$ cat structure01.pdb   # PDB, C-alpha atoms, pLDDT in the B column
ATOM      1  CA  GLU A   1       9.990  88.708 -41.510  1.00 79.00           C
ATOM      2  CA  GLN A   2      10.488  86.313 -38.606  1.00 79.00           C
ATOM      3  CA  LEU A   3       6.820  85.449 -38.564  1.00 81.00           C
ATOM      4  CA  ALA A   4       6.888  84.729 -42.286  1.00 80.00           C
ATOM      5  CA  ALA A   5       9.936  82.468 -41.844  1.00 78.00           C
ATOM      6  CA  ALA A   6       8.308  80.621 -38.952  1.00 81.00           C
ATOM      7  CA  LEU A   7       5.112  80.196 -40.970  1.00 82.00           C
ATOM      8  CA  ALA A   8       7.060  78.861 -43.944  1.00 77.00           C
ATOM      9  CA  VAL A   9       8.848  76.307 -41.764  1.00 76.00           C
ATOM     10  CA  TYR A  10       5.566  75.269 -40.200  1.00 77.00           C
ATOM     11  CA  LEU A  11       3.873  74.802 -43.580  1.00 76.00           C
ATOM     12  CA  VAL A  12       6.765  72.796 -44.997  1.00 72.00           C
ATOM     13  CA  ARG A  13       6.878  70.524 -41.969  1.00 72.00           C
ATOM     14  CA  ARG A  14       3.111  70.194 -41.742  1.00 72.00           C
ATOM     15  CA  TYR A  15       2.499  69.349 -45.385  1.00 71.00           C
ATOM     16  CA  SER A  16       5.729  67.678 -46.520  1.00 64.00           C
ATOM     17  CA  ALA A  17       5.846  63.948 -47.135  1.00 58.00           C
ATOM     18  CA  VAL A  18       8.868  63.324 -44.882  1.00 54.00           C
ATOM     19  CA  LEU A  19       8.284  63.533 -41.149  1.00 52.00           C
ATOM     20  CA  VAL A  20      11.127  64.987 -39.105  1.00 52.00           C
ATOM     21  CA  PRO A  21      11.231  63.656 -35.559  1.00 54.00           C
ATOM     22  CA  THR A  22      11.191  66.298 -32.869  1.00 51.00           C
ATOM     23  CA  PRO A  23      13.009  65.568 -29.624  1.00 50.00           C
ATOM     24  CA  SER A  24      10.537  65.296 -26.796  1.00 46.00           C
ATOM     25  CA  ALA A  25      10.936  67.329 -23.663  1.00 40.00           C
ATOM     26  CA  VAL A  26      11.481  65.163 -20.625  1.00 50.00           C
ATOM     27  CA  GLY A  27      11.665  67.558 -17.717  1.00 71.00           C
ATOM     28  CA  GLY A  28      12.836  70.328 -20.025  1.00 85.00           C
ATOM     29  CA  LEU A  29      10.930  72.634 -22.332  1.00 90.00           C
ATOM     30  CA  PRO A  30       7.321  71.724 -22.995  1.00 91.00           C
ATOM     31  CA  SER A  31       7.184  69.930 -26.345  1.00 90.00           C
ATOM     32  CA  TYR A  32       5.199  72.674 -28.096  1.00 92.00           C
ATOM     33  CA  ARG A  33       7.770  75.306 -27.083  1.00 93.00           C
ATOM     34  CA  LEU A  34      10.690  73.089 -28.035  1.00 95.00           C
ATOM     35  CA  ARG A  35       9.096  72.373 -31.420  1.00 94.00           C
ATOM     36  CA  ARG A  36       8.509  76.103 -31.987  1.00 95.00           C
ATOM     37  CA  VAL A  37      12.143  76.914 -31.183  1.00 95.00           C
ATOM     38  CA  LEU A  38      13.541  74.086 -33.325  1.00 95.00           C
ATOM     39  CA  GLU A  39      11.392  75.147 -36.270  1.00 95.00           C
ATOM     40  CA  TYR A  40      12.550  78.728 -35.797  1.00 95.00           C
ATOM     41  CA  ILE A  41      16.194  77.618 -35.788  1.00 95.00           C
ATOM     42  CA  ASP A  42      15.713  75.501 -38.925  1.00 92.00           C
ATOM     43  CA  GLY A  43      13.987  78.367 -40.699  1.00 92.00           C
ATOM     44  CA  ASN A  44      16.649  80.906 -39.815  1.00 92.00           C
ATOM     45  CA  LEU A  45      19.957  79.043 -40.172  1.00 89.00           C
ATOM     46  CA  GLY A  46      20.911  81.078 -43.203  1.00 86.00           C
ATOM     47  CA  ARG A  47      20.967  84.402 -41.443  1.00 87.00           C
ATOM     48  CA  ASP A  48      22.834  85.831 -38.479  1.00 82.00           C
ATOM     49  CA  LEU A  49      20.719  84.045 -35.889  1.00 84.00           C
ATOM     50  CA  ARG A  50      21.108  85.718 -32.509  1.00 87.00           C
ATOM     51  CA  LEU A  51      20.750  83.337 -29.597  1.00 86.00           C
ATOM     52  CA  ILE A  52      18.895  86.021 -27.642  1.00 90.00           C
ATOM     53  CA  GLU A  53      16.017  85.542 -30.116  1.00 93.00           C
ATOM     54  CA  LEU A  54      15.379  81.960 -29.025  1.00 95.00           C
ATOM     55  CA  PRO A  55      14.076  82.677 -25.515  1.00 95.00           C
ATOM     56  CA  THR A  56      11.710  85.219 -27.058  1.00 94.00           C
ATOM     57  CA  VAL A  57      10.394  82.577 -29.464  1.00 94.00           C
ATOM     58  CA  ALA A  58       9.854  80.259 -26.496  1.00 94.00           C
ATOM     59  CA  GLY A  59       8.320  83.050 -24.398  1.00 93.00           C
ATOM     60  CA  MET A  60      10.797  82.649 -21.557  1.00 92.00           C
ATOM     61  CA  SER A  61      13.664  84.396 -19.800  1.00 92.00           C
ATOM     62  CA  PRO A  62      17.098  83.735 -21.355  1.00 92.00           C
ATOM     63  CA  HIS A  63      18.542  81.918 -18.343  1.00 91.00           C
ATOM     64  CA  HIS A  64      15.494  79.710 -17.794  1.00 92.00           C
ATOM     65  CA  PHE A  65      15.254  78.946 -21.507  1.00 94.00           C
ATOM     66  CA  SER A  66      18.919  77.964 -21.757  1.00 94.00           C
ATOM     67  CA  ALA A  67      18.688  75.538 -18.842  1.00 93.00           C
ATOM     68  CA  LEU A  68      15.490  73.907 -20.111  1.00 94.00           C
ATOM     69  CA  PHE A  69      16.727  73.749 -23.714  1.00 95.00           C
ATOM     70  CA  ARG A  70      19.861  71.966 -22.576  1.00 94.00           C
ATOM     71  CA  GLU A  71      17.784  69.563 -20.519  1.00 94.00           C
ATOM     72  CA  SER A  72      15.535  68.856 -23.514  1.00 93.00           C
ATOM     73  CA  THR A  73      18.200  68.430 -26.193  1.00 93.00           C
ATOM     74  CA  GLY A  74      21.307  67.514 -24.233  1.00 93.00           C
ATOM     75  CA  VAL A  75      23.258  70.478 -25.596  1.00 94.00           C
ATOM     76  CA  PRO A  76      23.215  74.255 -25.055  1.00 95.00           C
ATOM     77  CA  PRO A  77      21.379  76.381 -27.653  1.00 95.00           C
ATOM     78  CA  HIS A  78      24.590  77.642 -29.304  1.00 93.00           C
ATOM     79  CA  ARG A  79      25.952  74.137 -29.805  1.00 95.00           C
ATOM     80  CA  TYR A  80      22.614  72.952 -31.193  1.00 95.00           C
ATOM     81  CA  VAL A  81      22.557  75.799 -33.738  1.00 94.00           C
ATOM     82  CA  MET A  82      26.140  75.037 -34.784  1.00 94.00           C
ATOM     83  CA  ARG A  83      25.362  71.341 -35.191  1.00 95.00           C
ATOM     84  CA  GLN A  84      22.369  72.152 -37.370  1.00 95.00           C
ATOM     85  CA  ARG A  85      24.462  74.495 -39.513  1.00 94.00           C
ATOM     86  CA  LEU A  86      27.171  71.880 -39.932  1.00 95.00           C
ATOM     87  CA  GLU A  87      24.649  69.173 -40.832  1.00 95.00           C
ATOM     88  CA  LYS A  88      23.168  71.455 -43.467  1.00 95.00           C
ATOM     89  CA  ALA A  89      26.687  72.223 -44.723  1.00 95.00           C
ATOM     90  CA  LYS A  90      27.480  68.520 -45.028  1.00 96.00           C
ATOM     91  CA  ASP A  91      24.326  68.006 -47.041  1.00 95.00           C
ATOM     92  CA  LEU A  92      25.128  70.944 -49.319  1.00 95.00           C
ATOM     93  CA  LEU A  93      28.715  69.778 -49.779  1.00 96.00           C
ATOM     94  CA  LYS A  94      27.467  66.342 -50.862  1.00 95.00           C
ATOM     95  CA  ARG A  95      24.533  67.382 -53.018  1.00 94.00           C
ATOM     96  CA  SER A  96      25.339  70.759 -54.544  1.00 93.00           C
ATOM     97  CA  ARG A  97      27.966  72.389 -56.688  1.00 93.00           C
ATOM     98  CA  LEU A  98      28.022  75.553 -54.595  1.00 94.00           C
ATOM     99  CA  SER A  99      31.455  76.805 -53.614  1.00 95.00           C
ATOM    100  CA  VAL A 100      32.587  76.473 -50.017  1.00 95.00           C
ATOM    101  CA  LEU A 101      32.194  80.247 -49.652  1.00 95.00           C
ATOM    102  CA  GLU A 102      28.615  80.132 -50.963  1.00 95.00           C
ATOM    103  CA  ILE A 103      27.777  77.322 -48.575  1.00 96.00           C
ATOM    104  CA  ALA A 104      29.350  79.181 -45.652  1.00 94.00           C
ATOM    105  CA  LEU A 105      27.272  82.267 -46.387  1.00 93.00           C
ATOM    106  CA  GLN A 106      24.104  80.253 -47.015  1.00 93.00           C
ATOM    107  CA  ILE A 107      24.269  78.573 -43.600  1.00 93.00           C
ATOM    108  CA  GLY A 108      24.944  81.731 -41.645  1.00 91.00           C
ATOM    109  CA  PHE A 109      28.723  82.026 -41.354  1.00 91.00           C
ATOM    110  CA  GLY A 110      30.224  85.449 -41.962  1.00 89.00           C
ATOM    111  CA  ASP A 111      33.193  84.180 -43.943  1.00 91.00           C
ATOM    112  CA  GLN A 112      34.758  81.052 -45.388  1.00 94.00           C
ATOM    113  CA  ALA A 113      37.670  80.945 -42.934  1.00 95.00           C
ATOM    114  CA  HIS A 114      35.441  80.784 -39.872  1.00 94.00           C
ATOM    115  CA  PHE A 115      33.281  78.135 -41.514  1.00 95.00           C
ATOM    116  CA  ALA A 116      36.289  76.010 -42.518  1.00 96.00           C
ATOM    117  CA  LYS A 117      37.818  76.239 -39.039  1.00 96.00           C
ATOM    118  CA  THR A 118      34.525  75.297 -37.352  1.00 95.00           C
ATOM    119  CA  PHE A 119      33.873  72.495 -39.851  1.00 96.00           C
ATOM    120  CA  LYS A 120      37.343  71.016 -39.397  1.00 96.00           C
ATOM    121  CA  ARG A 121      37.078  71.200 -35.603  1.00 95.00           C
ATOM    122  CA  ALA A 122      33.766  69.320 -35.724  1.00 94.00           C
ATOM    123  CA  THR A 123      34.517  66.737 -38.423  1.00 94.00           C
ATOM    124  CA  GLY A 124      38.297  66.431 -38.484  1.00 95.00           C
ATOM    125  CA  GLU A 125      38.552  67.446 -42.133  1.00 96.00           C
ATOM    126  CA  THR A 126      38.183  70.547 -44.256  1.00 96.00           C
ATOM    127  CA  PRO A 127      34.976  71.186 -46.196  1.00 96.00           C
ATOM    128  CA  SER A 128      36.815  70.522 -49.484  1.00 95.00           C
ATOM    129  CA  ALA A 129      38.211  67.208 -48.226  1.00 95.00           C
ATOM    130  CA  TYR A 130      34.754  66.228 -46.965  1.00 95.00           C
ATOM    131  CA  ARG A 131      33.262  67.000 -50.375  1.00 95.00           C
ATOM    132  CA  ALA A 132      35.947  65.011 -52.173  1.00 93.00           C
ATOM    133  CA  ARG A 133      35.405  62.018 -49.880  1.00 91.00           C
ATOM    134  CA  ALA A 134      31.613  62.221 -50.081  1.00 85.00           C
TER     135      ALA A 134
END
$ encode --input "structure01.pdb" --output "structure tokens"
Amino acid sequence: EQLAAALAVYLVRRYSAVLVPTPSAVGGLPSYRLRRVLEYIDGNLGRDLRLIELPTVAGMSPHHFSALFRESTGVPPHRYVMRQRLEKAKDLLKRSRLSVLEIALQIGFGDQAHFAKTFKRATGETPSAYRARA
């Protein structure tokens, strides 16, 4: 299942018309490993993504991976995953008619309350207020 998700992400990125810039590794993860991990994260945002999976995708020990990921992206893996989820949520709030609960579940949160609390902490407003403003 993970391999299929990674393959799907690869194919979409490889053959889509829009190029998504990938942060380059300067003293951190080698760019091919960073790209593999970022694609894996993007392809698995909608499920309960365990951070212990990421070092495995990169082929590294958890501690070493975490340090190099932070050096490459400027943020720890958990914060990067949360940022990606919130960016996807913002996009869904602007462009879809899905309920806040449906969006929360689609981006990997277990319930609406946790999503709303995390969203408000990051943006300063509730998901519903963000949608109304957008």
$ atom_distance --input "structure01.pdb" --atom1 "CA of Leu68 in chain A" --atom2 "CA of Arg33 in chain A"
10.5 Å
$ atom_distance --input "structure01.pdb" --atom1 "CA of Ala116 in chain A" --atom2 "CA of Val75 in chain A"
22.1 Å
$ atom_distance --input "structure01.pdb" --atom1 "CA of Lys120 in chain A" --atom2 "CA of Pro55 in chain A"
29.5 Å
$ resolve_selection --input "structure01.pdb" --expression "the PyMOL selection byres ((chain A and resi 78-95) around 10)" --output "PyMOL selection string"
chain A and resi 38+41-42+44-46+49-51+66+69-70+73-77+96-100+102-104+106-109+115+118-119+122-123+127-134
$ residues_around --input "structure01.pdb" --residues "Gly43 in chain A" --least-positions-apart "2" --cutoff "10 Å" --atoms "all atoms listed in the file" --output "list in words"
Gln2, Ala4, Ala5, Ala6, Leu7, Ala8, Val9, Tyr10, Val37, Leu38, Glu39, Tyr40, Ile41, Leu45, Gly46 and Arg47 of chain A
$ axis_aligned_box --input "structure01.pdb" --around "range 114-119 of chain A" --padding-each-side "4 Å" --output "lines of an AutoDock Vina configuration file"
center_x = 35.5
center_y = 76.6
center_z = -39.9
size_x = 12.5
size_y = 16.3
size_z = 13.2
$ closest_residue --input "structure01.pdb" --among "A:Ile52, A:Gly110, A:Leu3, A:Ala58" --to "Pro30 in chain A" --atoms "all atoms listed in the file"
A:Ala58
